[in-house]
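Text of work_15.pdb, listed as PDB, C-alpha atoms:
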ATOM      1  CA  MET A   1      -4.739   7.015 -26.481
ATOM      2  CA  SER A   2      -7.525   7.655 -23.950
ATOM      3  CA  ASP A   3      -7.070   9.664 -20.754
ATOM      4  CA  ALA A   4      -7.994   6.584 -18.715
ATOM      5  CA  LEU A   5      -5.247   4.484 -20.321
ATOM      6  CA  ILE A   6      -2.661   7.266 -19.987
ATOM      7  CA  ASN A   7      -3.478   7.676 -16.283
ATOM      8  CA  GLY A   8      -3.487   3.909 -15.741
ATOM      9  CA  LEU A   9      -0.035   3.402 -17.264
ATOM     10  CA  ALA A  10       1.383   6.506 -15.561
ATOM     11  CA  GLY A  11      -0.016   5.376 -12.208
ATOM     12  CA  ALA A  12       1.593   1.955 -12.620
ATOM     13  CA  GLY A  13       4.956   3.519 -13.470
ATOM     14  CA  GLY A  14       4.849   5.947 -10.572
ATOM     15  CA  GLY A  15       3.768   3.200  -8.191
ATOM     16  CA  ILE A  16       6.683   0.942  -9.141
ATOM     17  CA  ILE A  17       9.253   3.690  -8.615
ATOM     18  CA  ALA A  18       7.765   4.638  -5.235
ATOM     19  CA  GLN A  19       7.680   0.954  -4.248
ATOM     20  CA  LEU A  20      11.349   0.370  -5.062
ATOM     21  CA  ILE A  21      12.426   3.401  -3.038
ATOM     22  CA  THR A  22      10.381   2.672   0.098
ATOM     23  CA  TYR A  23      10.218  -1.146   0.177
ATOM     24  CA  PRO A  24      12.524  -1.735   3.192
ATOM     25  CA  LEU A  25      10.259   0.556   5.215
ATOM     26  CA  GLN A  26       7.236  -1.490   4.130
ATOM     27  CA  THR A  27       8.888  -4.727   5.283
ATOM     28  CA  VAL A  28       9.727  -3.311   8.699
ATOM     29  CA  ASN A  29       6.250  -1.824   9.043
ATOM     30  CA  THR A  30       4.510  -5.131   8.226
ATOM     31  CA  ARG A  31       6.624  -6.885  10.848
ATOM     32  CA  GLN A  32       5.753  -4.217  13.387
ATOM     33  CA  GLN A  33       2.041  -4.578  12.660
ATOM     34  CA  THR A  34       2.046  -8.363  13.020
ATOM     35  CA  GLU A  35       4.265  -8.530  16.131
ATOM     36  CA  ARG A  36       2.202  -9.521  19.185
ATOM     37  CA  ASP A  37       5.018  -9.285  21.722
ATOM     38  CA  PRO A  38       4.978  -5.775  23.302
ATOM     39  CA  SER A  39       8.685  -6.059  24.123
ATOM     40  CA  LYS A  40       9.618  -6.252  20.449
ATOM     41  CA  PHE A  41       9.587  -3.468  17.862
ATOM     42  CA  ALA A  42       8.833  -0.867  20.502
ATOM     43  CA  ALA A  43       8.133   2.586  19.142
ATOM     44  CA  ARG A  44      11.105   4.021  21.013
ATOM     45  CA  ASP A  45      13.541   1.802  19.083
ATOM     46  CA  GLY A  46      13.007   3.655  15.826
ATOM     47  CA  VAL A  47      12.778   2.607  12.196
ATOM     48  CA  VAL A  48      16.533   2.590  11.535
ATOM     49  CA  ARG A  49      17.158   0.274  14.482
ATOM     50  CA  HIS A  50      14.535  -2.171  13.217
ATOM     51  CA  MET A  51      16.080  -2.191   9.755
ATOM     52  CA  LEU A  52      19.559  -2.791  11.157
ATOM     53  CA  GLU A  53      18.243  -5.570  13.397
ATOM     54  CA  VAL A  54      16.683  -7.398  10.449
ATOM     55  CA  ALA A  55      19.842  -6.927   8.381
ATOM     56  CA  LYS A  56      22.058  -8.176  11.228
ATOM     57  CA  GLN A  57      20.026 -11.274  12.084
ATOM     58  CA  GLU A  58      18.743 -12.269   8.646
ATOM     59  CA  GLY A  59      20.704 -10.328   6.056
ATOM     60  CA  TRP A  60      19.942  -7.211   4.033
ATOM     61  CA  GLU A  61      18.052  -9.235   1.435
ATOM     62  CA  ARG A  62      15.251  -9.909   3.932
ATOM     63  CA  LEU A  63      14.349  -6.222   3.803
ATOM     64  CA  TYR A  64      13.405  -6.899   0.186
ATOM     65  CA  GLY A  65      11.521 -10.145   0.829
ATOM     66  CA  GLY A  66       8.539 -10.359  -1.516
ATOM     67  CA  LEU A  67       9.769  -7.491  -3.701
ATOM     68  CA  ALA A  68       8.979  -9.239  -6.994
ATOM     69  CA  PRO A  69       5.280  -9.950  -6.254
ATOM     70  CA  SER A  70       5.074  -6.548  -4.583
ATOM     71  CA  VAL A  71       6.228  -4.769  -7.758
ATOM     72  CA  VAL A  72       3.705  -6.794  -9.757
ATOM     73  CA  GLY A  73       1.032  -5.955  -7.180
ATOM     74  CA  THR A  74       1.901  -2.263  -7.217
ATOM     75  CA  ALA A  75       1.823  -2.067 -10.998
ATOM     76  CA  ALA A  76      -1.471  -3.963 -11.102
ATOM     77  CA  SER A  77      -3.032  -1.997  -8.240
ATOM     78  CA  GLN A  78      -2.010   1.437  -9.450
ATOM     79  CA  GLY A  79      -2.796   0.615 -13.072
ATOM     80  CA  VAL A  80      -6.247  -0.794 -12.259
ATOM     81  CA  TYR A  81      -7.000   1.964  -9.765
ATOM     82  CA  TYR A  82      -6.051   4.906 -11.959
ATOM     83  CA  TYR A  83      -7.668   3.368 -15.047
ATOM     84  CA  VAL A  84     -10.990   2.734 -13.295
ATOM     85  CA  TYR A  85     -10.745   6.003 -11.358
ATOM     86  CA  GLN A  86     -10.321   8.036 -14.539
ATOM     87  CA  ILE A  87     -13.283   6.315 -16.194
ATOM     88  CA  PHE A  88     -15.557   7.089 -13.246
ATOM     89  CA  ARG A  89     -14.047  10.573 -12.913
ATOM     90  CA  ASN A  90     -14.757  11.393 -16.557
ATOM     91  CA  ARG A  91     -18.358  10.284 -16.149
ATOM     92  CA  ALA A  92     -18.719  12.365 -12.995
ATOM     93  CA  GLU A  93     -17.272  15.430 -14.760
ATOM     94  CA  ASN A  94     -19.595  14.967 -17.737
ATOM     95  CA  ALA A  95     -22.570  14.644 -15.388
ATOM     96  CA  ALA A  96     -21.478  17.806 -13.534
ATOM     97  CA  GLN A  97     -21.210  19.690 -16.835
ATOM     98  CA  ASP A  98     -24.688  18.514 -17.855
ATOM     99  CA  ARG A  99     -26.112  19.740 -14.543
ATOM    100  CA  TRP A 100     -24.330  23.070 -14.975
ATOM    101  CA  LYS A 101     -25.898  23.535 -18.412
ATOM    102  CA  LYS A 102     -29.269  23.053 -16.751
ATOM    103  CA  GLY A 103     -28.399  25.705 -14.171
ATOM    104  CA  ILE A 104     -27.496  23.295 -11.380
ATOM    105  CA  GLY A 105     -24.113  23.548  -9.658
ATOM    106  CA  ASP A 106     -20.886  25.141 -10.902
ATOM    107  CA  GLY A 107     -19.921  22.430 -13.383
ATOM    108  CA  SER A 108     -17.229  20.879 -11.192
ATOM    109  CA  VAL A 109     -17.124  17.563  -9.344
ATOM    110  CA  GLY A 110     -17.829  18.094  -5.655
ATOM    111  CA  MET A 111     -16.154  16.545  -2.620
ATOM    112  CA  PHE A 112     -18.808  13.838  -2.149
ATOM    113  CA  GLN A 113     -18.686  12.822  -5.815
ATOM    114  CA  SER A 114     -14.878  12.607  -5.622
ATOM    115  CA  LEU A 115     -15.192  10.360  -2.577
ATOM    116  CA  VAL A 116     -17.666   8.036  -4.318
ATOM    117  CA  VAL A 117     -15.527   7.844  -7.472
ATOM    118  CA  ALA A 118     -12.397   6.961  -5.482
ATOM    119  CA  ALA A 119     -14.303   4.404  -3.379
ATOM    120  CA  LEU A 120     -15.692   2.597  -6.433
ATOM    121  CA  ALA A 121     -12.270   2.456  -8.055
ATOM    122  CA  GLY A 122     -10.782   1.221  -4.778
ATOM    123  CA  CYS A 123     -13.305  -1.631  -4.426
ATOM    124  CA  VAL A 124     -12.606  -2.897  -7.948
ATOM    125  CA  ASN A 125      -8.865  -2.710  -7.265
ATOM    126  CA  VAL A 126      -9.092  -4.610  -3.945
ATOM    127  CA  LEU A 127     -11.180  -7.470  -5.314
ATOM    128  CA  LEU A 128      -8.809  -7.990  -8.245
ATOM    129  CA  THR A 129      -5.428  -7.631  -6.482
ATOM    130  CA  ASN A 130      -5.941  -8.890  -2.890
ATOM    131  CA  PRO A 131      -4.317 -12.313  -3.617
ATOM    132  CA  ILE A 132      -1.051 -10.612  -4.565
ATOM    133  CA  TRP A 133      -0.907  -8.672  -1.295
ATOM    134  CA  VAL A 134      -1.583 -11.751   0.845
ATOM    135  CA  VAL A 135       1.483 -13.357  -0.750
ATOM    136  CA  VAL A 136       3.554 -10.179  -0.226
ATOM    137  CA  THR A 137       2.567  -9.932   3.461
ATOM    138  CA  ARG A 138       3.633 -13.512   4.097
ATOM    139  CA  MET A 139       6.960 -13.028   2.362
ATOM    140  CA  GLN A 140       7.669  -9.814   4.265
ATOM    141  CA  THR A 141       6.973 -11.452   7.640
ATOM    142  CA  HIS A 142       8.846 -14.683   6.879
ATOM    143  CA  LYS A 143      11.894 -14.982   9.127
ATOM    144  CA  LYS A 144      14.910 -17.196   8.820
ATOM    145  CA  LYS A 145      14.757 -20.183  11.111
ATOM    146  CA  SER A 146      17.291 -20.510  13.865
ATOM    147  CA  ASN A 147      19.023 -23.638  15.220
ATOM    148  CA  ARG A 148      19.020 -22.075  18.660
ATOM    149  CA  SER A 149      16.377 -22.919  21.189
ATOM    150  CA  PRO A 150      14.114 -19.927  21.969
ATOM    151  CA  ASN A 151      15.147 -20.140  25.641
ATOM    152  CA  HIS A 152      18.837 -20.504  24.949
ATOM    153  CA  VAL A 153      20.757 -17.245  25.193
ATOM    154  CA  LEU A 154      24.290 -16.828  23.881
ATOM    155  CA  PRO A 155      25.546 -13.662  25.604
ATOM    156  CA  SER A 156      29.219 -14.581  25.366
ATOM    157  CA  LEU A 157      29.310 -15.304  21.635
ATOM    158  CA  PRO A 158      30.431 -12.621  19.192
ATOM    159  CA  ASP A 159      28.004 -11.301  16.608
ATOM    160  CA  GLU A 160      29.687 -13.345  13.851
ATOM    161  CA  ALA A 161      28.991 -16.613  15.691
ATOM    162  CA  ILE A 162      25.394 -15.645  16.339
ATOM    163  CA  GLN A 163      24.986 -14.864  12.646
ATOM    164  CA  LEU A 164      26.243 -18.364  11.739
ATOM    165  CA  ALA A 165      23.619 -19.922  14.009
ATOM    166  CA  VAL A 166      20.850 -18.560  11.770
ATOM    167  CA  VAL A 167      20.170 -20.768   8.763
ATOM    168  CA  GLU A 168      17.699 -20.769   5.931
ATOM    169  CA  HIS A 169      16.535 -24.306   5.145
ATOM    170  CA  ARG A 170      15.298 -23.283   1.685
ATOM    171  CA  PRO A 171      14.603 -20.085  -0.244
ATOM    172  CA  TYR A 172      11.123 -18.768   0.459
ATOM    173  CA  ARG A 173       9.825 -18.090  -3.025
ATOM    174  CA  THR A 174       6.492 -16.858  -4.318
ATOM    175  CA  SER A 175       5.561 -20.361  -5.499
ATOM    176  CA  HIS A 176       6.115 -21.718  -1.978
ATOM    177  CA  VAL A 177       3.817 -19.095  -0.486
ATOM    178  CA  VAL A 178       1.087 -19.741  -3.055
ATOM    179  CA  GLN A 179       1.192 -23.497  -2.407
ATOM    180  CA  GLU A 180       1.335 -23.016   1.355
ATOM    181  CA  LEU A 181      -1.604 -20.632   1.316
ATOM    182  CA  TYR A 182      -3.693 -22.909  -0.888
ATOM    183  CA  ASP A 183      -2.957 -25.944   1.324
ATOM    184  CA  GLU A 184      -3.865 -23.932   4.418
ATOM    185  CA  ALA A 185      -7.129 -22.273   3.352
ATOM    186  CA  GLY A 186      -7.924 -23.259  -0.219
ATOM    187  CA  PHE A 187      -8.926 -20.855  -2.992
ATOM    188  CA  TRP A 188     -10.543 -18.334  -0.635
ATOM    189  CA  GLY A 189      -7.358 -18.100   1.409
ATOM    190  CA  PHE A 190      -6.055 -15.672  -1.193
ATOM    191  CA  TRP A 191      -8.755 -13.232  -0.092
ATOM    192  CA  LYS A 192      -7.775 -13.229   3.583
ATOM    193  CA  GLY A 193      -8.233  -9.766   5.038
ATOM    194  CA  VAL A 194     -10.423  -8.628   2.155
ATOM    195  CA  ILE A 195     -13.133  -7.208   4.464
ATOM    196  CA  PRO A 196     -10.897  -4.691   6.285
ATOM    197  CA  THR A 197      -9.188  -4.027   2.960
ATOM    198  CA  LEU A 198     -12.503  -3.170   1.330
ATOM    199  CA  ILE A 199     -13.304  -0.877   4.245
ATOM    200  CA  MET A 200      -9.867   0.626   3.747
ATOM    201  CA  VAL A 201     -10.815   1.912   0.314
ATOM    202  CA  SER A 202     -11.671   4.957   2.367
ATOM    203  CA  ASN A 203      -7.896   5.553   2.559
ATOM    204  CA  PRO A 204      -7.337   6.347  -1.135
ATOM    205  CA  SER A 205     -10.817   7.879  -1.176
ATOM    206  CA  ILE A 206      -9.861  10.307   1.573
ATOM    207  CA  GLN A 207      -6.436  10.746  -0.018
ATOM    208  CA  PHE A 208      -7.826  11.668  -3.435
ATOM    209  CA  MET A 209     -10.581  13.768  -1.929
ATOM    210  CA  ILE A 210      -7.974  15.855  -0.064
ATOM    211  CA  TYR A 211      -5.709  15.951  -3.123
ATOM    212  CA  GLU A 212      -8.454  16.985  -5.550
ATOM    213  CA  THR A 213      -9.842  19.550  -3.091
ATOM    214  CA  LEU A 214      -6.440  21.182  -2.535
ATOM    215  CA  LEU A 215      -5.713  21.044  -6.270
ATOM    216  CA  LYS A 216      -9.011  22.742  -7.070
ATOM    217  CA  LYS A 217      -8.357  25.483  -4.509
ATOM    218  CA  ILE A 218      -4.897  26.190  -5.912
ATOM    219  CA  LYS A 219      -6.186  26.323  -9.494
ATOM    220  CA  ARG A 220      -9.092  28.540  -8.480
ATOM    221  CA  LYS A 221      -6.709  30.880  -6.645
ATOM    222  CA  ARG A 222      -4.545  31.100  -9.758
ATOM    223  CA  SER A 223      -7.599  31.355 -12.052
ATOM    224  CA  SER A 224      -6.308  28.371 -13.981
ATOM    225  CA  ASN A 225      -8.504  26.388 -16.384
ATOM    226  CA  THR A 226      -5.915  23.724 -17.227
ATOM    227  CA  LYS A 227      -6.764  20.039 -17.049
ATOM    228  CA  GLY A 228      -5.669  17.945 -14.046
ATOM    229  CA  ALA A 229      -2.410  19.046 -12.415
ATOM    230  CA  GLU A 230      -1.111  20.889 -15.473
ATOM    231  CA  GLY A 231       0.439  24.195 -14.487
ATOM    232  CA  LEU A 232       1.733  22.941 -11.128
ATOM    233  CA  THR A 233       5.402  22.259 -10.486
ATOM    234  CA  ALA A 234       6.702  18.809  -9.504
ATOM    235  CA  LEU A 235       7.423  20.108  -5.990
ATOM    236  CA  GLU A 236       3.866  21.392  -5.556
ATOM    237  CA  ILE A 237       2.430  18.044  -6.661
ATOM    238  CA  PHE A 238       4.861  16.285  -4.290
ATOM    239  CA  LEU A 239       3.645  18.359  -1.323
ATOM    240  CA  LEU A 240      -0.028  17.926  -2.245
ATOM    241  CA  GLY A 241       0.444  14.160  -2.424
ATOM    242  CA  ALA A 242       2.254  14.087   0.927
ATOM    243  CA  ILE A 243      -0.440  16.097   2.737
ATOM    244  CA  ALA A 244      -3.236  13.998   1.221
ATOM    245  CA  LYS A 245      -1.629  10.686   2.197
ATOM    246  CA  LEU A 246      -0.808  11.859   5.725
ATOM    247  CA  GLY A 247      -4.441  12.671   6.446
ATOM    248  CA  ALA A 248      -5.714   9.393   5.000
ATOM    249  CA  THR A 249      -3.144   7.238   6.826
ATOM    250  CA  VAL A 250      -3.882   8.631  10.272
ATOM    251  CA  VAL A 251      -7.607   7.874   9.894
ATOM    252  CA  THR A 252      -7.411   4.332   8.483
ATOM    253  CA  TYR A 253      -4.274   2.848  10.085
ATOM    254  CA  PRO A 254      -6.042   0.493  12.574
ATOM    255  CA  LEU A 255      -7.712  -1.325   9.669
ATOM    256  CA  LEU A 256      -4.320  -1.822   8.058
ATOM    257  CA  VAL A 257      -3.024  -3.553  11.190
ATOM    258  CA  VAL A 258      -6.079  -5.849  11.339
ATOM    259  CA  LYS A 259      -5.634  -6.742   7.652
ATOM    260  CA  ALA A 260      -1.964  -7.636   8.164
ATOM    261  CA  ARG A 261      -2.804  -9.799  11.194
ATOM    262  CA  LEU A 262      -5.346 -11.764   9.148
ATOM    263  CA  GLN A 263      -3.032 -12.253   6.162
ATOM    264  CA  VAL A 264       0.109 -13.342   8.026
ATOM    265  CA  LYS A 265       0.732 -17.053   8.564
ATOM    266  CA  GLN A 266      -0.737 -18.383  11.815
ATOM    267  CA  GLY A 267       0.910 -21.438  13.372
ATOM    268  CA  LEU A 268      -1.256 -24.345  14.466
ATOM    269  CA  HIS A 269       0.366 -24.324  17.899
ATOM    270  CA  ASP A 270       0.217 -20.572  18.435
ATOM    271  CA  ASP A 271      -1.488 -19.138  21.476
ATOM    272  CA  LYS A 272      -5.244 -18.940  20.827
ATOM    273  CA  ARG A 273      -5.026 -15.253  21.627
ATOM    274  CA  ARG A 274      -2.881 -14.874  18.495
ATOM    275  CA  GLN A 275      -5.157 -16.820  16.163
ATOM    276  CA  TYR A 276      -7.976 -15.005  14.408
ATOM    277  CA  THR A 277     -10.992 -16.512  12.691
ATOM    278  CA  GLY A 278     -12.076 -13.274  11.041
ATOM    279  CA  THR A 279     -12.104  -9.499  11.151
ATOM    280  CA  PHE A 280     -14.362  -9.135  14.199
ATOM    281  CA  ASP A 281     -12.441 -11.820  16.122
ATOM    282  CA  ALA A 282      -9.138 -10.054  15.360
ATOM    283  CA  ILE A 283     -10.455  -6.671  16.505
ATOM    284  CA  THR A 284     -11.913  -8.176  19.704
ATOM    285  CA  LYS A 285      -8.752 -10.081  20.680
ATOM    286  CA  MET A 286      -6.446  -7.191  19.857
ATOM    287  CA  MET A 287      -8.506  -4.818  21.974
ATOM    288  CA  ARG A 288      -8.669  -7.312  24.846
ATOM    289  CA  TYR A 289      -5.043  -8.465  24.953
ATOM    290  CA  GLU A 290      -3.115  -5.540  23.468
ATOM    291  CA  GLY A 291      -5.297  -2.512  24.077
ATOM    292  CA  LEU A 292      -5.849   0.436  21.776
ATOM    293  CA  SER A 293      -2.107   0.847  21.220
ATOM    294  CA  GLY A 294      -2.054  -2.498  19.409
ATOM    295  CA  PHE A 295      -3.989  -0.947  16.540
ATOM    296  CA  TYR A 296      -1.285   1.672  16.015
ATOM    297  CA  LYS A 297       1.844  -0.487  16.040
ATOM    298  CA  GLY A 298       4.369   0.803  13.534
ATOM    299  CA  MET A 299       2.306   3.856  12.681
ATOM    300  CA  GLY A 300       5.338   6.140  12.662
ATOM    301  CA  THR A 301       7.046   3.920  10.106
ATOM    302  CA  LYS A 302       3.899   3.749   8.006
ATOM    303  CA  ILE A 303       3.454   7.515   7.958
ATOM    304  CA  VAL A 304       7.041   8.044   6.772
ATOM    305  CA  GLN A 305       6.746   5.304   4.133
ATOM    306  CA  SER A 306       3.238   6.133   2.915
ATOM    307  CA  VAL A 307       3.666   9.897   2.750
ATOM    308  CA  PHE A 308       6.980   9.665   0.919
ATOM    309  CA  ALA A 309       5.740   6.921  -1.437
ATOM    310  CA  ALA A 310       2.501   8.781  -2.207
ATOM    311  CA  ALA A 311       4.350  12.026  -2.836
ATOM    312  CA  VAL A 312       6.759  10.276  -5.240
ATOM    313  CA  LEU A 313       3.842   8.470  -6.875
ATOM    314  CA  PHE A 314       1.863  11.648  -7.538
ATOM    315  CA  MET A 315       4.913  13.520  -8.797
ATOM    316  CA  VAL A 316       6.085  10.758 -11.151
ATOM    317  CA  LYS A 317       2.559   9.929 -12.307
ATOM    318  CA  GLU A 318       1.740  13.515 -13.254
ATOM    319  CA  GLU A 319       5.069  13.938 -15.035
ATOM    320  CA  LEU A 320       4.441  10.735 -17.016
ATOM    321  CA  VAL A 321       0.927  11.917 -17.896
ATOM    322  CA  LYS A 322       2.321  15.213 -19.176
ATOM    323  CA  ALA A 323       4.983  13.414 -21.214
ATOM    324  CA  ALA A 324       2.433  11.000 -22.683
ATOM    325  CA  ARG A 325       0.068  13.814 -23.674
ATOM    326  CA  ILE A 326       2.910  15.747 -25.305
ATOM    327  CA  LEU A 327       3.962  12.592 -27.162
ATOM    328  CA  VAL A 328       0.415  11.850 -28.328
ATOM    329  CA  THR A 329      -0.186  15.490 -29.316
ATOM    330  CA  GLY A 330       3.096  15.551 -31.217
ATOM    331  CA  GLU A 331       2.229  12.368 -33.086
ATOM    332  CA  LEU A 332      -1.169  13.771 -34.032
ATOM    333  CA  SER A 333       0.393  17.020 -35.256
ATOM    334  CA  ASN A 334       2.987  15.148 -37.347
ATOM    335  CA  SER A 335       0.309  12.929 -38.896
ATOM    336  CA  LYS A 336      -1.647  16.009 -39.943
ATOM    337  CA  LEU A 337       1.413  17.527 -41.599
ATOM    338  CA  ARG A 338       2.187  14.432 -43.635
ATOM    339  CA  PRO A 339       1.018  14.592 -47.270
ATOM    340  CA  PRO A 340      -1.830  12.200 -48.144
TER     341      PRO A 340
END

Take the structure in the file and write it out as structure tokens.
Amino acid sequence: MSDALINGLAGAGGGIIAQLITYPLQTVNTRQQTERDPSKFAARDGVVRHMLEVAKQEGWERLYGGLAPSVVGTAASQGVYYYVYQIFRNRAENAAQDRWKKGIGDGSVGMFQSLVVAALAGCVNVLLTNPIWVVVTRMQTHKKKSNRSPNHVLPSLPDEAIQLAVVEHRPYRTSHVVQELYDEAGFWGFWKGVIPTLIMVSNPSIQFMIYETLLKKIKRKRSSNTKGAEGLTALEIFLLGAIAKLGATVVTYPLLVVKARLQVKQGLHDDKRRQYTGTFDAITKMMRYEGLSGFYKGMGTKIVQSVFAAAVLFMVKEELVKAARILVTGELSNSKLRPP
């Protein structure tokens, strides 16, 4: 089994586990990003309050809206990314070794090469998996319809009565979203938000650049010649992943908000200020009507979710890689011991 395949499968497994643990935070964060009303989802309310509000008004299951396509998307994204990343990484390492033999460099992949490798892998991943994430975004932001008029307030009714006033006319399944999206924008509708998403490949690029740089420094300090993260504890990998994701998220968050705004369903009768024709139009209108703060809605939630998910992902992925290599090595050893 090749290193690329081992890393691809391990990345998919780690991504799924991280996704299952942090999914309610993702749902709340997507709703925060796509909310245009400044009076709603204010930063001071906190993540827990938002989660409780969704659970109270729509039920706990809405926090897991779109989980099935999201798990598929995570497995596909992480599998594709790590597989392609490892292929490009191996080529970069071989090229660095060739240069070292010629007396150029120290034989290791530099920061710029790591950035290019991660960016190329990210672009391939985005182009292949963007349709899945458009569907997930729409399912996360779908809200149960209410029989109440928007201007009708029921201050005297108990919470139980208010809950009964919220009804779901039909389950909002993946097939409904796919059909709705196709009817709305055709085949290319599944690539809504692909431009800011492609620009956002700088997020995993920055993340892996920080991760690989810190990993190299630790190994150099310990005079370790092991491959990858071998020799590091699960806790050390967890912390490296958290630090790397934190730095990447802070830099690229505004693009994430723009992408979510483009992918979410836009009503035909919505205020023109809330309808976007493309990336530039979204950025212009957000800056004009919401100010700079609009680009950072829900950032606190995203940092908590992304850092924790990335840390879990790195830890699980590296442990799976180690287990796979031990399994493969053991099988090879046993095959050699068998009599012909």

Distance of CA of Gly241 (chain A) from CA of Asn94 (chain A), expressed in Å to one decimal place: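 A separation of 25.2 Å between them.
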
The PyMOL selection byres ((chain A and resi 307-320) around 9) resolved against shown file, as JSON, numbers by chain: {"A": [6, 7, 9, 10, 11, 12, 13, 14, 15, 16, 17, 18, 19, 21, 22, 228, 229, 230, 233, 234, 235, 236, 237, 238, 239, 240, 241, 242, 243, 244, 245, 246, 249, 302, 303, 304, 305, 306, 321, 322, 323, 324, 325]}

For CA of Ala248 (chain A) and CA of Asn203 (chain A), the interatomic separation in Å (one decimal):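 Answer for the CA of Ala248 (chain A) to CA of Asn203 (chain A) separation: 5.0 Å.
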
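When you apply the PyMOL selection byres ((chain A and resi 113) around 12) to this structure, what comes back is Tyr85, Phe88, Arg89, Asn90, Arg91, Ala92, Glu93, Ala95, Ala96, Ser108, Val109, Gly110, Met111, Phe112, Ser114, Leu115, Val116, Val117, Ala118, Ala119, Leu120, Ser205, Ile206, Phe208, Met209, Glu212 and Thr213 of chain A.
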
Separation of CA of Val47 (chain A) from CA of Asn29 (chain A) in Å: 8.5 Å

Residues matched by the PyMOL selection byres ((chain A and resi 180-196) around 7) as a compact mmCIF listing (two decimals) with C-alpha atoms, keeping the file's coordinate frame:
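Listing of result04.txt after writing:
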# COMPACT_ATOMS: atom_id res chain seq x y z
CA ASN A 130 -5.94 -8.89 -2.89
CA PRO A 131 -4.32 -12.31 -3.62
CA VAL A 134 -1.58 -11.75 0.84
CA HIS A 176 6.12 -21.72 -1.98
CA VAL A 177 3.82 -19.10 -0.49
CA VAL A 178 1.09 -19.74 -3.06
CA GLN A 179 1.19 -23.50 -2.41
CA THR A 197 -9.19 -4.03 2.96
CA LEU A 198 -12.50 -3.17 1.33
CA ILE A 199 -13.30 -0.88 4.24
CA MET A 200 -9.87 0.63 3.75
CA LEU A 255 -7.71 -1.32 9.67
CA LYS A 259 -5.63 -6.74 7.65
CA LEU A 262 -5.35 -11.76 9.15
CA GLN A 263 -3.03 -12.25 6.16
CA THR A 279 -12.10 -9.50 11.15

Given all atoms listed in the file as the counted atoms, nearest of A:Val201, A:Val72, A:Ile218, A:Val54 to Val124 (chain A):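 Nearest candidate to Val124 (chain A) out of A:Val201, A:Val72, A:Ile218, A:Val54: A:Val201.
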
Minimum-distance residue to Asp3 (chain A), chosen among A:Tyr82, A:Gly291, A:Arg273, A:Ser202 (using all atoms listed in the file):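 Looking at the shortest contact to Asp3 (chain A), the residue is A:Tyr82.
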
Counting only C-alpha atoms, the option among A:Arg36, A:Arg99, A:Lys219, A:Lys143 closest to Gly59 (chain A):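 Comparing A:Arg36, A:Arg99, A:Lys219, A:Lys143 against Gly59 (chain A), the winner is A:Lys143.
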
Pick from A:Ala76, A:Leu5, A:Val257, A:Val126 nearest to Lys297 (chain A), counting only C-alpha atoms: A:Val257

Atoms are missing here; could region 124-132 of chain A be completed with N, CA, C and O atoms and written as a compact mmCIF listing (two decimals), in the coordinates of the input?
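Dumped to out_25.txt:
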# COMPACT_ATOMS: atom_id res chain seq x y z
N VAL A 124 -12.98 -2.08 -6.79
CA VAL A 124 -12.61 -2.90 -7.95
C VAL A 124 -11.15 -3.34 -7.83
O VAL A 124 -10.81 -4.51 -8.05
N ASN A 125 -10.29 -2.42 -7.42
CA ASN A 125 -8.86 -2.71 -7.26
C ASN A 125 -8.62 -3.78 -6.20
O ASN A 125 -7.87 -4.73 -6.42
N VAL A 126 -9.27 -3.66 -5.05
CA VAL A 126 -9.09 -4.61 -3.94
C VAL A 126 -9.51 -6.02 -4.35
O VAL A 126 -8.79 -7.00 -4.11
N LEU A 127 -10.66 -6.15 -4.95
CA LEU A 127 -11.18 -7.47 -5.31
C LEU A 127 -10.29 -8.17 -6.33
O LEU A 127 -10.16 -9.40 -6.33
N LEU A 128 -9.65 -7.40 -7.20
CA LEU A 128 -8.81 -7.99 -8.24
C LEU A 128 -7.39 -8.30 -7.77
O LEU A 128 -6.76 -9.26 -8.25
N THR A 129 -6.85 -7.51 -6.83
CA THR A 129 -5.43 -7.63 -6.48
C THR A 129 -5.14 -8.15 -5.07
O THR A 129 -3.98 -8.34 -4.72
N ASN A 130 -6.17 -8.43 -4.26
CA ASN A 130 -5.94 -8.89 -2.89
C ASN A 130 -5.04 -10.13 -2.80
O ASN A 130 -4.18 -10.21 -1.92
N PRO A 131 -5.19 -11.13 -3.70
CA PRO A 131 -4.32 -12.31 -3.62
C PRO A 131 -2.83 -11.98 -3.67
O PRO A 131 -2.02 -12.62 -2.98
N ILE A 132 -2.47 -10.99 -4.46
CA ILE A 132 -1.05 -10.61 -4.57
C ILE A 132 -0.54 -10.10 -3.23
O ILE A 132 0.55 -10.45 -2.77
